[in-house]
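Listing of query25.csv; format and content: CSV, C-alpha atoms.
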```csv
chain,number,residue,atom,x,y,z
A,1,MET,CA,-80.8,-62.9,55.8
A,2,THR,CA,-82.4,-60.2,58.0
A,3,ASP,CA,-85.9,-58.8,57.5
A,4,TYR,CA,-84.9,-55.5,55.9
A,5,LYS,CA,-82.5,-57.3,53.5
A,6,LYS,CA,-85.4,-59.5,52.4
A,7,ILE,CA,-87.6,-56.4,51.8
A,8,LEU,CA,-84.8,-54.8,49.8
A,9,GLN,CA,-84.4,-57.9,47.7
A,10,ARG,CA,-88.1,-58.1,47.0
A,11,PHE,CA,-88.1,-54.4,46.1
A,12,LYS,CA,-85.2,-54.9,43.6
A,13,ASN,CA,-87.1,-57.7,41.9
A,14,LEU,CA,-90.2,-55.5,41.3
A,15,SER,CA,-90.7,-53.9,37.8
A,16,GLN,CA,-90.2,-50.2,37.4
A,17,ARG,CA,-94.0,-49.7,37.1
A,18,GLN,CA,-94.6,-51.5,40.4
A,19,LYS,CA,-91.8,-49.4,42.1
A,20,THR,CA,-93.5,-46.2,40.8
A,21,ASN,CA,-96.9,-47.3,42.1
A,22,ILE,CA,-95.4,-48.1,45.5
A,23,ALA,CA,-93.7,-44.6,45.6
A,24,ILE,CA,-97.0,-42.9,44.6
A,25,ALA,CA,-98.9,-44.9,47.3
A,26,ILE,CA,-96.4,-43.9,50.0
A,27,GLY,CA,-96.6,-40.3,48.9
A,28,ILE,CA,-100.4,-40.2,49.1
A,29,LEU,CA,-100.3,-41.9,52.5
A,30,GLY,CA,-97.8,-39.3,53.7
A,31,LEU,CA,-100.0,-36.4,52.5
A,32,ALA,CA,-103.1,-38.1,54.1
A,33,ILE,CA,-101.3,-38.3,57.4
A,34,ILE,CA,-100.2,-34.7,57.2
A,35,LEU,CA,-103.7,-33.5,56.3
A,36,LEU,CA,-105.3,-35.6,59.1
A,37,SER,CA,-102.9,-34.4,61.7
A,38,SER,CA,-103.5,-30.7,60.8
A,39,LEU,CA,-107.3,-31.3,61.0
A,40,LEU,CA,-107.1,-33.0,64.3
A,41,SER,CA,-104.7,-30.7,66.0
A,42,GLY,CA,-106.5,-27.7,67.5
A,43,SER,CA,-103.3,-26.1,68.8
A,44,GLY,CA,-101.2,-23.9,66.7
A,45,ASP,CA,-100.3,-20.3,66.1
A,46,GLY,CA,-103.3,-19.6,63.8
A,47,GLU,CA,-107.0,-19.7,64.5
A,48,THR,CA,-109.0,-22.7,63.4
A,49,PRO,CA,-111.8,-22.1,60.9
A,50,LEU,CA,-114.4,-22.4,63.7
A,51,GLN,CA,-112.5,-19.9,65.9
A,52,SER,CA,-112.2,-17.5,63.0
A,53,GLU,CA,-115.9,-17.8,62.4
A,54,GLN,CA,-116.6,-17.2,66.1
A,55,LEU,CA,-114.4,-14.1,66.1
A,56,ASP,CA,-116.2,-12.7,63.0
A,57,VAL,CA,-119.6,-13.2,64.8
A,58,ILE,CA,-118.2,-11.5,68.0
A,59,ALA,CA,-117.0,-8.5,65.9
A,60,GLU,CA,-120.4,-8.2,64.1
A,61,GLN,CA,-122.2,-8.3,67.5
A,62,TYR,CA,-119.8,-5.6,68.8
A,63,SER,CA,-120.4,-3.4,65.8
A,64,THR,CA,-124.2,-3.8,66.1
A,65,SER,CA,-124.1,-3.1,69.8
A,66,VAL,CA,-122.1,0.1,69.3
A,67,GLU,CA,-124.4,1.2,66.5
A,68,GLU,CA,-127.5,0.7,68.7
A,69,LYS,CA,-126.1,2.6,71.7
A,70,LEU,CA,-125.0,5.5,69.5
A,71,GLU,CA,-128.4,5.6,67.8
A,72,SER,CA,-130.1,5.7,71.2
A,73,ILE,CA,-127.8,8.5,72.6
A,74,ILE,CA,-128.0,10.7,69.5
A,75,SER,CA,-131.8,10.3,69.2
A,76,ASP,CA,-132.1,11.4,72.8
A,77,MET,CA,-129.8,14.3,72.2
A,78,LEU,CA,-131.9,15.4,69.2
A,79,GLY,CA,-135.2,15.2,71.1
A,80,GLY,CA,-136.3,11.7,69.8
A,81,SER,CA,-135.6,12.2,66.1
A,82,ARG,CA,-134.9,9.2,63.9
A,83,VAL,CA,-131.2,8.3,63.7
A,84,GLN,CA,-129.2,5.7,61.8
A,85,VAL,CA,-125.6,4.8,62.6
A,86,MET,CA,-123.2,2.6,60.7
A,87,VAL,CA,-119.9,1.5,62.3
A,88,THR,CA,-117.1,0.0,60.2
A,89,LEU,CA,-114.3,-2.0,61.9
A,90,GLU,CA,-110.7,-2.7,61.0
A,91,GLY,CA,-110.4,-6.5,60.8
A,92,SER,CA,-112.0,-8.9,63.3
A,93,ALA,CA,-111.9,-9.7,67.0
A,94,GLU,CA,-109.0,-11.7,68.3
A,95,TYR,CA,-108.4,-13.9,71.3
A,96,VAL,CA,-105.6,-12.9,73.7
A,97,TYR,CA,-104.2,-16.0,75.3
A,98,ALA,CA,-102.6,-16.4,78.8
A,99,SER,CA,-98.9,-16.8,78.5
A,100,GLU,CA,-95.8,-17.2,80.6
A,101,HIS,CA,-92.7,-15.2,79.8
A,102,LYS,CA,-89.2,-16.3,80.8
A,103,THR,CA,-86.3,-14.1,80.2
A,104,ASP,CA,-82.7,-15.2,80.8
A,105,VAL,CA,-79.9,-12.6,80.9
A,106,GLU,CA,-76.4,-13.8,81.0
A,107,MET,CA,-73.6,-11.3,81.6
A,108,THR,CA,-70.0,-12.1,80.9
A,109,ASP,CA,-67.1,-9.8,81.8
A,110,ASP,CA,-63.9,-10.3,80.0
A,111,LYS,CA,-61.3,-8.5,82.1
A,112,ASP,CA,-58.5,-8.9,79.5
A,113,SER,CA,-60.4,-7.1,76.8
A,114,GLN,CA,-62.4,-4.8,79.0
A,115,LYS,CA,-65.7,-5.9,77.4
A,116,VAL,CA,-69.0,-6.8,78.9
A,117,GLN,CA,-71.2,-9.1,76.9
A,118,GLN,CA,-74.9,-9.5,77.5
A,119,ASN,CA,-76.9,-12.5,76.1
A,120,ASP,CA,-80.7,-12.3,76.3
A,121,SER,CA,-83.1,-15.1,75.6
A,122,ASP,CA,-86.8,-14.5,75.7
A,123,GLN,CA,-89.2,-17.5,75.8
A,124,LYS,CA,-93.0,-17.3,75.6
A,125,ASN,CA,-95.2,-20.3,76.5
A,126,TYR,CA,-99.0,-20.3,76.3
A,127,VAL,CA,-101.0,-21.6,79.3
A,128,VAL,CA,-102.8,-24.7,78.1
A,129,MET,CA,-105.9,-26.2,79.7
A,130,THR,CA,-107.2,-29.7,79.2
A,131,ASP,CA,-111.0,-30.2,78.9
A,132,SER,CA,-113.0,-33.2,80.1
A,133,GLU,CA,-112.5,-35.0,76.8
A,134,GLY,CA,-108.7,-34.6,77.0
A,135,ASN,CA,-108.4,-31.9,74.4
A,136,GLU,CA,-105.8,-29.3,75.0
A,137,LYS,CA,-106.6,-25.6,74.3
A,138,ALA,CA,-104.8,-22.4,75.1
A,139,LEU,CA,-106.4,-20.4,77.9
A,140,VAL,CA,-108.2,-17.3,76.6
A,141,VAL,CA,-107.7,-14.3,78.9
A,142,TYR,CA,-110.0,-11.9,76.9
A,143,THR,CA,-111.3,-11.1,73.5
A,144,LYS,CA,-109.7,-8.0,71.9
A,145,MET,CA,-112.2,-6.1,69.9
A,146,PRO,CA,-111.2,-4.6,66.5
A,147,GLN,CA,-110.4,-0.9,66.1
A,148,ILE,CA,-113.2,1.3,64.8
A,149,LYS,CA,-112.4,2.4,61.3
A,150,GLY,CA,-115.2,4.9,60.8
A,151,VAL,CA,-118.7,6.0,61.8
A,152,VAL,CA,-121.5,7.4,59.6
A,153,VAL,CA,-124.5,9.0,61.3
A,154,VAL,CA,-127.7,10.0,59.4
A,155,CYS,CA,-130.0,12.2,61.4
A,156,ASP,CA,-132.6,14.9,61.0
A,157,SER,CA,-131.0,18.3,60.8
A,158,GLY,CA,-127.5,16.7,60.6
A,159,GLN,CA,-126.7,19.1,57.8
A,160,THR,CA,-126.8,22.1,60.2
A,161,ASP,CA,-123.5,23.1,61.9
A,162,ALA,CA,-124.9,23.0,65.4
A,163,VAL,CA,-126.4,19.5,65.2
A,164,SER,CA,-123.4,18.2,63.3
A,165,SER,CA,-120.9,19.5,65.9
A,166,ALA,CA,-122.9,18.2,68.8
A,167,VAL,CA,-123.3,14.7,67.2
A,168,ARG,CA,-119.6,14.6,66.2
A,169,LEU,CA,-118.6,15.5,69.8
A,170,ALA,CA,-120.8,12.8,71.2
A,171,VAL,CA,-119.4,10.1,68.8
A,172,ARG,CA,-115.8,11.2,69.4
A,173,SER,CA,-116.2,11.2,73.2
A,174,ALA,CA,-118.0,7.8,73.2
A,175,LEU,CA,-115.6,6.0,71.0
A,176,GLY,CA,-112.4,7.9,71.3
A,177,ILE,CA,-111.9,8.3,67.6
A,178,ASP,CA,-110.7,11.3,65.5
A,179,ASN,CA,-113.0,13.7,63.8
A,180,ASP,CA,-111.9,12.5,60.3
A,181,LYS,CA,-113.3,9.1,61.1
A,182,ILE,CA,-116.8,10.5,61.7
A,183,CYS,CA,-119.3,11.5,59.0
A,184,ILE,CA,-122.5,13.3,60.0
A,185,ILE,CA,-125.2,13.5,57.3
A,186,GLY,CA,-128.6,15.1,57.4
A,187,ARG,CA,-131.7,13.3,56.2
A,188,TYR,CA,-132.6,15.1,53.0
A,189,LYS,CA,-136.2,15.0,51.8
A,190,ASP,CA,-135.4,16.6,48.5
A,191,LEU,CA,-132.3,15.0,47.0
A,192,SER,CA,-132.1,17.6,44.2
A,193,SER,CA,-130.6,20.0,46.7
A,194,VAL,CA,-127.7,17.6,47.5
A,195,ARG,CA,-124.5,18.2,45.5
```
If you took the structure in this file and wrote it as structure tokens, what would it be?
Amino acid sequence: MTDYKKILQRFKNLSQRQKTNIAIAIGILGLAIILLSSLLSGSGDGETPLQSEQLDVIAEQYSTSVEEKLESIISDMLGGSRVQVMVTLEGSAEYVYASEHKTDVEMTDDKDSQKVQQNDSDQKNYVVMTDSEGNEKALVVYTKMPQIKGVVVVCDSGQTDAVSSAVRLAVRSALGIDNDKICIIGRYKDLSSVR
């Protein structure tokens, strides 16, 4: 009798409860292997939790940098007055990976039916680098910053039309965003006048 026949014979001799326990154990082992492989593999279409966290930090640093630069420029425009800027972003930063594109075009000409048929196939492969530890990672070309969703500027005399227009023009020119994404607010000392 061959080995697999012996194994089958032993399996047939087991009780139903033992067969169930073996099936459950095999299922748990399979799930553990799948989980382990997904944790160990750093390659894939999605970002790993660590990469996602890094991208969130990059986006936060970008937002803070833009806010600080705008505060400095607007403060200088207004003769050194106190300015606060808040920038909101759409989403987070994302990595753009190096890739190779291969496009095959096949043209067939059927003279009998007077038809020309074109078959296209497009293939995209990421460029992968291996580090000193043997880990493969896709090559990052650059980090794409998120779009700016809106800007709020609080400054002295921001409620006047002249100051509001000048600040709005500066923000629009610096960031390339539309007027409806920019809010200019004056710093009010007496909130009872605000409606």
Within 7 Å of (-106.4, -9.9, 73.9) in the file's own coordinates, which protein, DNA or RNA residues have an atom, counting all atoms listed in the file? List them as a count of residues only.
8
CA of Ala32 in chain A to CA of Gln16 in chain A, straight-line distance in Å
24.3 Å
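For the residues A:Ile182, A:Leu78, A:Ile34, A:Ile177, ranking by smallest atom-to-atom distance to Val151 in chain A using all atoms listed in the file places A:Ile182 first.
From CA of Met77 in chain A back to CA of Ala59 in chain A, the distance works out to 26.9 Å.
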Residues within 7 Å of range 155-160 of chain A, all atoms listed in the file, excluding chain neighbours under 3 positions, as a compact mmCIF listing (two decimals) with C-alpha atoms, in the frame of the given file:
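Output contents, as saved in part-v9.txt:
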```
# COMPACT_ATOMS: atom_id res chain seq x y z
CA SER A 81 -135.60 12.20 66.10
CA ARG A 82 -134.90 9.20 63.90
CA VAL A 83 -131.20 8.30 63.70
CA GLN A 84 -129.20 5.70 61.80
CA VAL A 163 -126.40 19.50 65.20
CA SER A 164 -123.40 18.20 63.30
CA ILE A 184 -122.50 13.30 60.00
CA ILE A 185 -125.20 13.50 57.30
CA GLY A 186 -128.60 15.10 57.40
CA ARG A 187 -131.70 13.30 56.20
```
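Distance annotation: of A:Leu8, A:Ile24, A:Val66, A:Ile74, the residue with the minimal separation from Gly150 in chain A is A:Val66; atom set is only C-alpha atoms.
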Between A:Lys124, A:Lys5, A:Lys149, A:Arg10, which is the closest to Gly176 in chain A once you count all atoms listed in the file?
A:Lys149
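Comparing the minimum interatomic distances between Ser92 in chain A and each of A:Asn125, A:Asn135, A:Ser65, A:Gln147, counting only C-alpha atoms, we find that A:Gln147 sits nearest.
Note that the spacing between CA of Ile58 in chain A and CA of Pro146 in chain A amounts to 9.9 Å.
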Counting all atoms listed in the file, closest pick from A:Ile28, A:Ala98, A:Val152, A:Val87 relative to Val128 in chain A is A:Ala98
Take range 7-23 of chain A, model N, CA, C and O atoms, and hand the result over as a PDB file, in the frame of the given file.
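Result written to result.pdb:
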```pdb
ATOM      1  N   ILE A   7     -86.731 -57.471  52.409  1.00  0.00           N
ATOM      2  CA  ILE A   7     -87.600 -56.400  51.800  1.00  0.00           C
ATOM      3  C   ILE A   7     -86.889 -55.744  50.683  1.00  0.00           C
ATOM      4  O   ILE A   7     -87.471 -55.523  49.617  1.00  0.00           O
ATOM      5  N   LEU A   8     -85.611 -55.405  50.865  1.00  0.00           N
ATOM      6  CA  LEU A   8     -84.800 -54.800  49.800  1.00  0.00           C
ATOM      7  C   LEU A   8     -84.717 -55.677  48.584  1.00  0.00           C
ATOM      8  O   LEU A   8     -84.813 -55.219  47.439  1.00  0.00           O
ATOM      9  N   GLN A   9     -84.503 -56.951  48.811  1.00  0.00           N
ATOM     10  CA  GLN A   9     -84.400 -57.900  47.700  1.00  0.00           C
ATOM     11  C   GLN A   9     -85.684 -57.991  46.922  1.00  0.00           C
ATOM     12  O   GLN A   9     -85.680 -58.001  45.700  1.00  0.00           O
ATOM     13  N   ARG A  10     -86.814 -58.036  47.644  1.00  0.00           N
ATOM     14  CA  ARG A  10     -88.100 -58.100  47.000  1.00  0.00           C
ATOM     15  C   ARG A  10     -88.350 -56.795  46.179  1.00  0.00           C
ATOM     16  O   ARG A  10     -88.902 -56.824  45.088  1.00  0.00           O
ATOM     17  N   PHE A  11     -87.953 -55.653  46.753  1.00  0.00           N
ATOM     18  CA  PHE A  11     -88.100 -54.400  46.100  1.00  0.00           C
ATOM     19  C   PHE A  11     -87.302 -54.323  44.782  1.00  0.00           C
ATOM     20  O   PHE A  11     -87.764 -53.827  43.769  1.00  0.00           O
ATOM     21  N   LYS A  12     -86.102 -54.861  44.825  1.00  0.00           N
ATOM     22  CA  LYS A  12     -85.200 -54.900  43.600  1.00  0.00           C
ATOM     23  C   LYS A  12     -85.830 -55.765  42.546  1.00  0.00           C
ATOM     24  O   LYS A  12     -85.647 -55.497  41.355  1.00  0.00           O
ATOM     25  N   ASN A  13     -86.557 -56.811  42.918  1.00  0.00           N
ATOM     26  CA  ASN A  13     -87.100 -57.700  41.900  1.00  0.00           C
ATOM     27  C   ASN A  13     -88.400 -57.186  41.288  1.00  0.00           C
ATOM     28  O   ASN A  13     -88.880 -57.758  40.315  1.00  0.00           O
ATOM     29  N   LEU A  14     -88.963 -56.082  41.826  1.00  0.00           N
ATOM     30  CA  LEU A  14     -90.200 -55.500  41.300  1.00  0.00           C
ATOM     31  C   LEU A  14     -89.857 -54.779  39.952  1.00  0.00           C
ATOM     32  O   LEU A  14     -88.748 -54.273  39.749  1.00  0.00           O
ATOM     33  N   SER A  15     -90.874 -54.686  39.103  1.00  0.00           N
ATOM     34  CA  SER A  15     -90.700 -53.900  37.800  1.00  0.00           C
ATOM     35  C   SER A  15     -90.676 -52.440  38.154  1.00  0.00           C
ATOM     36  O   SER A  15     -91.100 -52.000  39.229  1.00  0.00           O
ATOM     37  N   GLN A  16     -90.245 -51.651  37.195  1.00  0.00           N
ATOM     38  CA  GLN A  16     -90.200 -50.200  37.400  1.00  0.00           C
ATOM     39  C   GLN A  16     -91.569 -49.629  37.626  1.00  0.00           C
ATOM     40  O   GLN A  16     -91.742 -48.730  38.433  1.00  0.00           O
ATOM     41  N   ARG A  17     -92.578 -50.146  36.937  1.00  0.00           N
ATOM     42  CA  ARG A  17     -94.000 -49.700  37.100  1.00  0.00           C
ATOM     43  C   ARG A  17     -94.458 -49.961  38.518  1.00  0.00           C
ATOM     44  O   ARG A  17     -95.101 -49.123  39.143  1.00  0.00           O
ATOM     45  N   GLN A  18     -94.142 -51.127  39.062  1.00  0.00           N
ATOM     46  CA  GLN A  18     -94.600 -51.500  40.400  1.00  0.00           C
ATOM     47  C   GLN A  18     -93.850 -50.590  41.438  1.00  0.00           C
ATOM     48  O   GLN A  18     -94.452 -50.162  42.421  1.00  0.00           O
ATOM     49  N   LYS A  19     -92.582 -50.293  41.200  1.00  0.00           N
ATOM     50  CA  LYS A  19     -91.800 -49.400  42.100  1.00  0.00           C
ATOM     51  C   LYS A  19     -92.459 -48.012  42.094  1.00  0.00           C
ATOM     52  O   LYS A  19     -92.599 -47.369  43.151  1.00  0.00           O
ATOM     53  N   THR A  20     -92.845 -47.533  40.923  1.00  0.00           N
ATOM     54  CA  THR A  20     -93.500 -46.200  40.800  1.00  0.00           C
ATOM     55  C   THR A  20     -94.796 -46.190  41.544  1.00  0.00           C
ATOM     56  O   THR A  20     -95.102 -45.227  42.255  1.00  0.00           O
ATOM     57  N   ASN A  21     -95.603 -47.247  41.387  1.00  0.00           N
ATOM     58  CA  ASN A  21     -96.900 -47.300  42.100  1.00  0.00           C
ATOM     59  C   ASN A  21     -96.717 -47.324  43.589  1.00  0.00           C
ATOM     60  O   ASN A  21     -97.484 -46.681  44.316  1.00  0.00           O
ATOM     61  N   ILE A  22     -95.717 -48.029  44.080  1.00  0.00           N
ATOM     62  CA  ILE A  22     -95.400 -48.100  45.500  1.00  0.00           C
ATOM     63  C   ILE A  22     -95.029 -46.671  46.007  1.00  0.00           C
ATOM     64  O   ILE A  22     -95.483 -46.198  47.050  1.00  0.00           O
ATOM     65  N   ALA A  23     -94.176 -45.994  45.240  1.00  0.00           N
ATOM     66  CA  ALA A  23     -93.700 -44.600  45.600  1.00  0.00           C
ATOM     67  C   ALA A  23     -94.899 -43.674  45.659  1.00  0.00           C
ATOM     68  O   ALA A  23     -95.016 -42.846  46.575  1.00  0.00           O
TER      69      ALA A  23
END
```
